[in-house]
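J.: Please find one structure pasted underneath; my questions will follow.
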Amino acid sequence: MANAGKDAALHVAKAADEYLRARGVAVLLQHHVAEEIGDAGRGLSDSEVTDADAVLVMGGDGTILATSRECASKGTPMLPIHLGRFGFLTEVSPEDLNPALDALLSGNFTVDERMMLRCESLRGADEEDQASAFALNDVVIANGPLSRVLHLRMSVNGKYVTTYAADGIIIATPTGSTAYSLSAGGPLVHPSMQTILVTPICPHTLTARALLVPEDAEITIVVERDPQDMVRVTVDGQVGFPLLAGDEIKVRRSPYPARLLTVGGADFYDKLQSKLRWGERMVY
């Protein structure tokens, strides 16, 4: 599965297809990948591709986030090939493609399971399910184009916790702790931890801090006050829908983890140094 907007991703997909087929491996291709390599007849839907034993993901972190939503419910593991700008979720560069594929075929790999979240939007007295989605990084409830303070009431397992006066709230997995949550002042959390992060965005108070809750907690956010507030929930920065005053967002752990294949590349601590420049001394 490759990012259709990146020529480099499609080029690497073609190289991987040729390399694997030469070794007797059956390779499934998305429609746009098959068309790009000149073999449109082999094109399949995303659902058919994710029926494979493993999925190679050519692109950046955004491509992995999107693919994880396709693969998680089937338990299909993903091997990400780094072709983006940041690449915190990836470990294999295009230059290391062939050795990585050899390691995969020889069984020299591990499977790293990452917690995902399930987000549901409920509206009305009957709690009609307006929309739902899965997230590998985060669920964000935030204001729209008007910069107005939102009032968001949060409960955990039915117990009222607080009402945030803020630009929004980020509910993140440990994997997502290095993404938007980090920018909003949340903690770094090792991806093997089993916890859910709640990080307010620009809270209008000096006492609001990020909160970690148990993995089995159900977090409920209710949009309060002004019905003219423009509020939106966004999942992994890719899937979103609008909210009205009184709407509830329920977030809990997904029953399906994302499964990432590791073939001996950089680990979490290596990436803190190489991607986030952790511990470097600033020189002016």
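As shown in the structure tokens, the chain order sets the letters A, B, ...; within each chain, residues go from 1, and ligands are also counted from 1 in the order they appear.
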Gln30 in chain A: which residues within 12 Å, counting only C-alpha atoms, same-chain residues fewer than 3 positions away excluded, as a ChimeraX atom specification?
T.: /A:1-4,10,13-14,17,27,33-37,39-52,55-58,67
J.: At a cut-off of 12 Å, can you tabulate as a tab-separated table every residue of range 181-256 of chain A near range 129-142 of chain A together with its closest atom pair and the distance in Å to one decimal, using only C-alpha atoms and ordering rows by chain then number?
T.:
residue	atom	partner	partner_atom	distance
A:Ser181	CA	A:Asp138	CA	8.1
A:Leu182	CA	A:Asp138	CA	11.3
A:Ala184	CA	A:Val140	CA	11.5
A:Pro191	CA	A:Asn137	CA	10.6
A:Ile196	CA	A:Asp138	CA	9.6
A:Leu197	CA	A:Asp138	CA	9.0
A:Val198	CA	A:Asp138	CA	9.7
A:Thr199	CA	A:Val140	CA	9.5
A:Pro200	CA	A:Ile141	CA	9.6
A:Ile201	CA	A:Ala142	CA	8.1
A:Cys202	CA	A:Ala142	CA	10.5
A:Pro203	CA	A:Ala142	CA	11.6
A:Ile219	CA	A:Val139	CA	11.2
A:Thr220	CA	A:Ile141	CA	11.4
A:Ile221	CA	A:Ile141	CA	8.6
A:Val222	CA	A:Ile141	CA	10.0
A:Val223	CA	A:Ile141	CA	9.1
A:Asp229	CA	A:Ala142	CA	10.1
A:Met230	CA	A:Ala142	CA	8.5
A:Val231	CA	A:Ala142	CA	5.7
A:Arg232	CA	A:Ala142	CA	5.7
A:Val233	CA	A:Ile141	CA	4.4
A:Thr234	CA	A:Val140	CA	5.2
A:Val235	CA	A:Val139	CA	4.7
A:Asp236	CA	A:Asp138	CA	5.3
A:Gly237	CA	A:Asp138	CA	8.0
A:Gln238	CA	A:Ala135	CA	9.6
A:Val239	CA	A:Ala133	CA	7.8
A:Gly240	CA	A:Ala133	CA	9.0
A:Phe241	CA	A:Ala131	CA	7.8
A:Pro242	CA	A:Ile141	CA	9.5
A:Leu243	CA	A:Ile141	CA	8.9
A:Leu244	CA	A:Gln130	CA	11.3
A:Asp247	CA	A:Gln130	CA	9.4
A:Glu248	CA	A:Asp129	CA	9.8
A:Ile249	CA	A:Ile141	CA	8.6
A:Lys250	CA	A:Ser132	CA	9.4
A:Val251	CA	A:Val139	CA	8.0
A:Arg252	CA	A:Phe134	CA	9.8
A:Arg253	CA	A:Phe134	CA	9.3
A:Ser254	CA	A:Phe134	CA	7.1
A:Pro255	CA	A:Phe134	CA	10.0
A:Tyr256	CA	A:Phe134	CA	9.1
J.: Between A:Val161, A:Leu150, A:Leu101, A:Ala66, which has the minimum distance to Ala54 in chain A (counting only C-alpha atoms)?
T.: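 The shortest atom-to-atom distance to Ala54 in chain A comes from A:Leu101.
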J.: Figure out the distance between CA of Met78 in chain A and CA of Phe109 in chain A, please, to one decimal in Å.
T.: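 Separating CA of Phe109 in chain A from CA of Met78 in chain A is a distance of 11.6 Å.
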J.: Env of Ala100 in chain A: 10 Å cut, atoms = only C-alpha atoms, seq-sep filter 2 positions within chain, self excluded. Answer as a PyMOL selection string.
T.: chain A and resi 79+81+91-98+102-106+108-109+262-265
J.: Could you save those same residues with C-alpha atoms as an mmCIF file, in the first residue's frame?
T.:
data_model
loop_
_atom_site.group_PDB
_atom_site.id
_atom_site.type_symbol
_atom_site.label_atom_id
_atom_site.label_comp_id
_atom_site.auth_asym_id
_atom_site.auth_seq_id
_atom_site.Cartn_x
_atom_site.Cartn_y
_atom_site.Cartn_z
ATOM 1 C CA LEU A 79 6.130 -3.074 7.602
ATOM 2 C CA ILE A 81 9.011 1.977 4.515
ATOM 3 C CA GLU A 91 12.205 2.297 10.575
ATOM 4 C CA VAL A 92 13.132 1.031 7.093
ATOM 5 C CA SER A 93 14.590 3.423 4.525
ATOM 6 C CA PRO A 94 14.296 2.759 0.770
ATOM 7 C CA GLU A 95 18.029 1.990 0.710
ATOM 8 C CA ASP A 96 17.454 -0.845 3.189
ATOM 9 C CA LEU A 97 14.409 -2.259 1.404
ATOM 10 C CA ASN A 98 15.931 -5.475 0.099
ATOM 11 C CA ASP A 102 14.963 -10.710 3.207
ATOM 12 C CA ALA A 103 14.590 -10.484 6.991
ATOM 13 C CA LEU A 104 10.812 -10.615 6.635
ATOM 14 C CA LEU A 105 10.895 -13.690 4.387
ATOM 15 C CA SER A 106 13.364 -15.505 6.641
ATOM 16 C CA ASN A 108 13.843 -12.534 11.311
ATOM 17 C CA PHE A 109 11.350 -10.016 12.665
ATOM 18 C CA THR A 262 10.239 -4.660 13.255
ATOM 19 C CA VAL A 263 13.312 -5.961 11.435
ATOM 20 C CA GLY A 264 16.049 -4.556 13.644
ATOM 21 C CA GLY A 265 15.908 -0.831 12.921
#
